[in-house]
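One structure is given below, encoded as structure tokens.
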Amino acid sequence: MQENSPMTLPNGLTPETARAAAARAYELDRRHVFHSWSAQAHLDPMTISAAQGCYVWDGDGNRLLDFSSQMVNTNIGHQHPKVVAAVQEQAAKLCTVAPPHVNDARSEAARLIAERTPGELNKIFFTNGGAEAVEHAVRMARLHTGRYKVLARYRSYHGGTETAVNLTGDPRRWPNDHGNSGVVHFFGPFLYRTQFHSTDETEETERALAHLEQTIAFEGPNTIAAIVLESIPGTAGIMVPPPGYMAGVRALCDKYGIMFIADEVMSGFGRTGKWFAIEHFEGVVPDLITFAKGVNSGYVPLGGVAISPAIAASFDDKPYPGGLTYSGHPLATAAAVATINAMADERVIENAAEIGAQVLGPGLRELAGRHPSIGEVRGTGVFWALELVRDRTSREPLAPYGGTSPAMTEVVAASKAAGLLLFVNFNRLHVVPPCIVSEAEAKEGLAILDQTLTVADRHTS
């Protein structure tokens, strides 16, 4: 790993002070903190002592390039001075207020978000995070249509709350799924591991849409409130939908009176090189968009739902039966205002698109030419995945679906030891740096990846 300056960390701590604080934090964590998605007795979490831009410093003062953006949410990078200042200024002015009351931070955040959503999704309901946004979007769709069932794809992730985790199409759903949630899953397009025996993107689109329409027919169109899709699936593998698929979903929703919910919790606010990933699919406007993460880079928890005029009108004369104590919290929405304005002023969205097209995309494809462990490179903007395999012909994954393997454990450890944090899921390495990443930083990460992948190559046949 690269060592930080021996004098101080970015937050002013000396390495010695940071190590002492980290040791105490780790001790208390293991004694008292219950971690999500984890077997508690097997944890050895890394302590983060400081962060700045695209880098974090661990408890020993080692600097790591953050190609995970933590949970793929620090789109504007760590400790952006304009966002930090906005939170500080808001705290000095008004720390909190109940959601029935107007506050200027929430009003301005809603305006800025509505200006960037496609079509006329001009009403914004704020939540504390992405899972709650999905919960409320589904509730709105059910109440608006008077129907209950919701369709969602396999290989997806929508959150950890009750409805959201049942919508999720990965193994985290299994312990929480009792078959009574009203959710029906279907196969989405994924040409590399096609369920439809397709040979190209055109066939994959046509066959995936035919499968979806058949699912609708068999479930009963008049029973289905919504189809929920990540505009570009994130945790499940960054499978960019092939041309025509999202437009086809929109057409099926229109045909059967089904609401189209685009989950942009991970893919929104610059991650794909556009404000919202749905913009990659020209002319496709959902009925509801869920967002969180990048809206303020997680500086203060915030999520929300952008709502179409037709759905919003359903609650003009009858109350919407839902709310949250911290909906539109002033500190969170002040952070969102500063984040969105900084992204616009500093060309952060454009940077994500340019880095993806000129550095990450070409660089990752070049790595695939040298490393037999890479089965496929997928992505756009600063949203990429490497599918690691034991054999390119059979496409056997380097770790099983829903699990890990000694090989993947070695790869992750090698990456961290070399100074690079990656977002990892099953057999995939996700390359998802902050949207502010520079060309030099992107190339630094690619160089470390090149070194790391030699470990993966040892497990190929």
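Each chain in the structure tokens gets a letter, A, B and so on, in the order shown; residues start at 1 in every chain, and ligands are counted from 1 in the order they appear.
Residues lying within 9 Å of A:Asp263, counting only C-alpha atoms and ignoring same-chain neighbours fewer than 2 positions away, are Gly130, Ala133, Val134, His158, Val228, Leu229, Glu230, Ser231, Ile232, Pro233, Ile261, Val265, Met266, Ser267, Gly268, Leu288, Ile289, Thr290 and Phe291 of chain A.
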### Selection near A:Thr404, 8 Å with only C-alpha atoms, sequence-local residues under 3 positions removed, as a count of residues only
6
### Query
Mind checking DSSP for stretch 292-421 of chain A and telling me the alpha helix (DSSP H) residues as a count of residues only?
51
### Task
Skip stretch 177-193 of chain A itself and residues of its chain fewer than 3 positions away, then list as a ChimeraX atom specification all residues within 6 Å of it, counting only C-alpha atoms.
/A:149-154,166,173-174,208
Written file, previous selection with N, CA and C atoms, as a compact mmCIF listing (two decimals), in the first residue's frame:
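Dumped everything to again-v3.txt:
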# COMPACT_ATOMS: atom_id res chain seq x y z
N LYS A 149 -49.98 -7.16 -7.30
CA LYS A 149 -48.76 -7.84 -7.71
C LYS A 149 -47.74 -6.87 -8.30
N VAL A 150 -46.46 -7.20 -8.10
CA VAL A 150 -45.37 -6.42 -8.67
C VAL A 150 -44.39 -7.41 -9.31
N LEU A 151 -43.92 -7.10 -10.52
CA LEU A 151 -42.94 -7.93 -11.20
C LEU A 151 -41.56 -7.32 -11.06
N ALA A 152 -40.56 -8.16 -10.81
CA ALA A 152 -39.17 -7.72 -10.71
C ALA A 152 -38.28 -8.81 -11.29
N ARG A 153 -37.11 -8.45 -11.76
CA ARG A 153 -36.26 -9.42 -12.44
C ARG A 153 -35.37 -10.18 -11.47
N TYR A 154 -35.01 -11.41 -11.86
CA TYR A 154 -33.90 -12.08 -11.21
C TYR A 154 -32.63 -11.29 -11.53
N ASN A 166 -37.98 -8.48 -0.95
CA ASN A 166 -38.75 -9.47 -1.70
C ASN A 166 -38.73 -9.18 -3.19
N ARG A 173 -32.57 -12.35 -0.77
CA ARG A 173 -34.02 -12.46 -0.61
C ARG A 173 -34.42 -13.74 0.11
N TRP A 174 -33.68 -14.80 -0.12
CA TRP A 174 -34.14 -16.13 0.26
C TRP A 174 -34.55 -16.26 1.74
N ALA A 208 -36.36 -11.74 -24.42
CA ALA A 208 -36.61 -11.29 -23.04
C ALA A 208 -37.95 -10.57 -22.94
Residues of stretch 36-66 of chain A that approach stretch 440-453 of chain A to 10 Å or less, counting only C-alpha atoms: could you list each one with the shortest pair of atoms and its distance in Å to one decimal, rows by chain and increasing residue number, as a tab-separated table?
residue	atom	partner	partner_atom	distance
A:Cys54	CA	A:Glu441	CA	8.0
A:Tyr55	CA	A:Glu441	CA	9.6
A:Leu64	CA	A:Gly445	CA	9.9
A:Leu65	CA	A:Gly445	CA	7.1
A:Asp66	CA	A:Gly445	CA	8.9
Write the selection just made, keeping all heavy atoms, as a short mmCIF file (atom, residue, chain, number, x, y, z; two decimals), in the first residue's frame?
data_model
loop_
_atom_site.label_atom_id
_atom_site.label_comp_id
_atom_site.auth_asym_id
_atom_site.auth_seq_id
_atom_site.Cartn_x
_atom_site.Cartn_y
_atom_site.Cartn_z
N CYS A 54 -10.86 10.66 -3.90
CA CYS A 54 -11.02 9.25 -4.31
C CYS A 54 -10.22 8.29 -3.43
O CYS A 54 -10.06 7.12 -3.81
CB CYS A 54 -10.59 9.09 -5.77
SG CYS A 54 -11.68 9.93 -6.94
N TYR A 55 -9.75 8.74 -2.28
CA TYR A 55 -8.90 7.91 -1.43
C TYR A 55 -9.47 7.79 -0.03
O TYR A 55 -10.17 8.69 0.47
CB TYR A 55 -7.49 8.49 -1.33
CG TYR A 55 -6.73 8.48 -2.64
CD1 TYR A 55 -6.79 9.56 -3.51
CD2 TYR A 55 -5.96 7.37 -3.02
CE1 TYR A 55 -6.10 9.55 -4.72
CE2 TYR A 55 -5.27 7.36 -4.22
CZ TYR A 55 -5.35 8.45 -5.07
OH TYR A 55 -4.67 8.42 -6.27
N LEU A 64 -5.63 3.98 0.38
CA LEU A 64 -6.19 3.09 -0.64
C LEU A 64 -7.03 3.91 -1.61
O LEU A 64 -7.79 4.80 -1.20
CB LEU A 64 -7.07 2.01 -0.01
CG LEU A 64 -6.38 1.03 0.96
CD1 LEU A 64 -6.56 1.50 2.39
CD2 LEU A 64 -6.95 -0.37 0.80
N LEU A 65 -6.92 3.59 -2.88
CA LEU A 65 -7.75 4.20 -3.91
C LEU A 65 -9.13 3.54 -3.85
O LEU A 65 -9.25 2.32 -3.96
CB LEU A 65 -7.11 3.99 -5.28
CG LEU A 65 -7.80 4.59 -6.50
CD1 LEU A 65 -7.96 6.09 -6.37
CD2 LEU A 65 -7.01 4.24 -7.77
N ASP A 66 -10.15 4.36 -3.66
CA ASP A 66 -11.50 3.82 -3.41
C ASP A 66 -12.23 3.62 -4.73
O ASP A 66 -12.95 4.49 -5.20
CB ASP A 66 -12.27 4.76 -2.50
CG ASP A 66 -13.60 4.17 -2.05
OD1 ASP A 66 -13.87 3.01 -2.41
OD2 ASP A 66 -14.36 4.86 -1.35
#
### Query
Please, what distance in Å, to one decimal, runs between atom CA of A:Leu367 and atom CA of A:Pro242?
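Spanning atom CA of A:Leu367 to atom CA of A:Pro242 is a straight-line distance of 23.4 Å.
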### Residue nearest A:Phe281 among A:Phe269, A:Tyr299, A:Phe218, A:Tyr245 (counting only C-alpha atoms)
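Nearest candidate to A:Phe281 out of A:Phe269, A:Tyr299, A:Phe218, A:Tyr245: A:Tyr245.
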### Message
Among stretch 141-189 of chain A, which residues does DSSP mark as strand (DSSP E) when it is run on the backbone? Keep the chain and numbering as in the structure and answer as a PyMOL selection string.
### Response
chain A and resi 149-153+183-186
Those same residues, written as a compact mmCIF listing (two decimals), in the first residue's frame with C-alpha atoms?
# COMPACT_ATOMS: atom_id res chain seq x y z
CA LYS A 149 -48.76 -7.84 -7.71
CA VAL A 150 -45.37 -6.42 -8.67
CA LEU A 151 -42.94 -7.93 -11.20
CA ALA A 152 -39.17 -7.72 -10.71
CA ARG A 153 -36.26 -9.42 -12.44
CA VAL A 183 -43.83 -10.27 -6.02
CA VAL A 184 -43.28 -12.34 -9.18
CA HIS A 185 -39.80 -12.64 -10.67
CA PHE A 186 -38.84 -12.92 -14.32
#### Entry: For A:Ile349: contacts at 12 Å, only C-alpha atoms, fewer than 4 positions along chain excluded, given as number ranges by chain
A: 75-76, 268-277, 294, 339-345, 353-356, 381-382, 434-437
Same residues, C-alpha atoms, output as a JSON list (two decimals), in the first residue's frame:
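The file below, part15.json, is the result:
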[["chain", "number", "residue", "atom", "x", "y", "z"],
["A", 75, "ASN", "CA", -20.31, 9.91, -6.45],
["A", 76, "ILE", "CA", -18.89, 13.34, -5.65],
["A", 268, "GLY", "CA", -28.53, 7.72, -10.69],
["A", 269, "PHE", "CA", -26.76, 11.05, -10.26],
["A", 270, "GLY", "CA", -23.82, 10.66, -12.59],
["A", 271, "ARG", "CA", -22.80, 7.07, -12.04],
["A", 272, "THR", "CA", -23.41, 6.10, -15.70],
["A", 273, "GLY", "CA", -22.30, 9.41, -17.20],
["A", 274, "LYS", "CA", -25.81, 10.89, -17.17],
["A", 275, "TRP", "CA", -27.95, 12.32, -14.38],
["A", 276, "PHE", "CA", -30.14, 9.21, -14.57],
["A", 277, "ALA", "CA", -29.27, 5.93, -16.28],
["A", 294, "GLY", "CA", -25.46, 9.69, -5.29],
["A", 339, "THR", "CA", -23.98, 18.04, -4.33],
["A", 340, "ILE", "CA", -26.20, 18.66, -7.35],
["A", 341, "ASN", "CA", -24.93, 22.22, -7.78],
["A", 342, "ALA", "CA", -21.30, 21.15, -7.45],
["A", 343, "MET", "CA", -21.82, 18.33, -9.95],
["A", 344, "ALA", "CA", -23.29, 20.78, -12.44],
["A", 345, "ASP", "CA", -20.67, 23.50, -11.86],
["A", 353, "ALA", "CA", -18.83, 9.87, -19.11],
["A", 354, "GLU", "CA", -15.41, 10.85, -20.43],
["A", 355, "ILE", "CA", -13.44, 8.68, -17.99],
["A", 356, "GLY", "CA", -15.66, 5.73, -18.86],
["A", 381, "GLY", "CA", -19.47, 5.87, -17.18],
["A", 382, "VAL", "CA", -17.85, 4.94, -13.87],
["A", 434, "PRO", "CA", -16.29, 8.31, -7.62],
["A", 435, "CYS", "CA", -17.57, 10.32, -10.58],
["A", 436, "ILE", "CA", -14.81, 12.89, -9.90],
["A", 437, "VAL", "CA", -12.03, 10.35, -10.57]]
### Task
Compare A:Glu135, A:Asp60, A:Glu206, A:Glu439 by their minimum atom-to-atom distance to A:Leu13, counting only C-alpha atoms, and give me the closest one.
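Ranked by minimum distance to A:Leu13, first place goes to A:Asp60.
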### Message
Env of A:Asp254: 12 Å cut, atoms = only C-alpha atoms, seq-sep filter 6 positions within chain, self excluded. Answer as a ChimeraX atom specification.
### Response
/A:221,225-227,247-248,260,284-287
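For the pair atom CA of A:Gly298 and atom CA of A:His101, the interatomic distance is 23.7 Å.
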## Note on the structure
Computed gap from atom CA of A:Tyr256 to atom CA of A:Ile238 is 28.2 Å
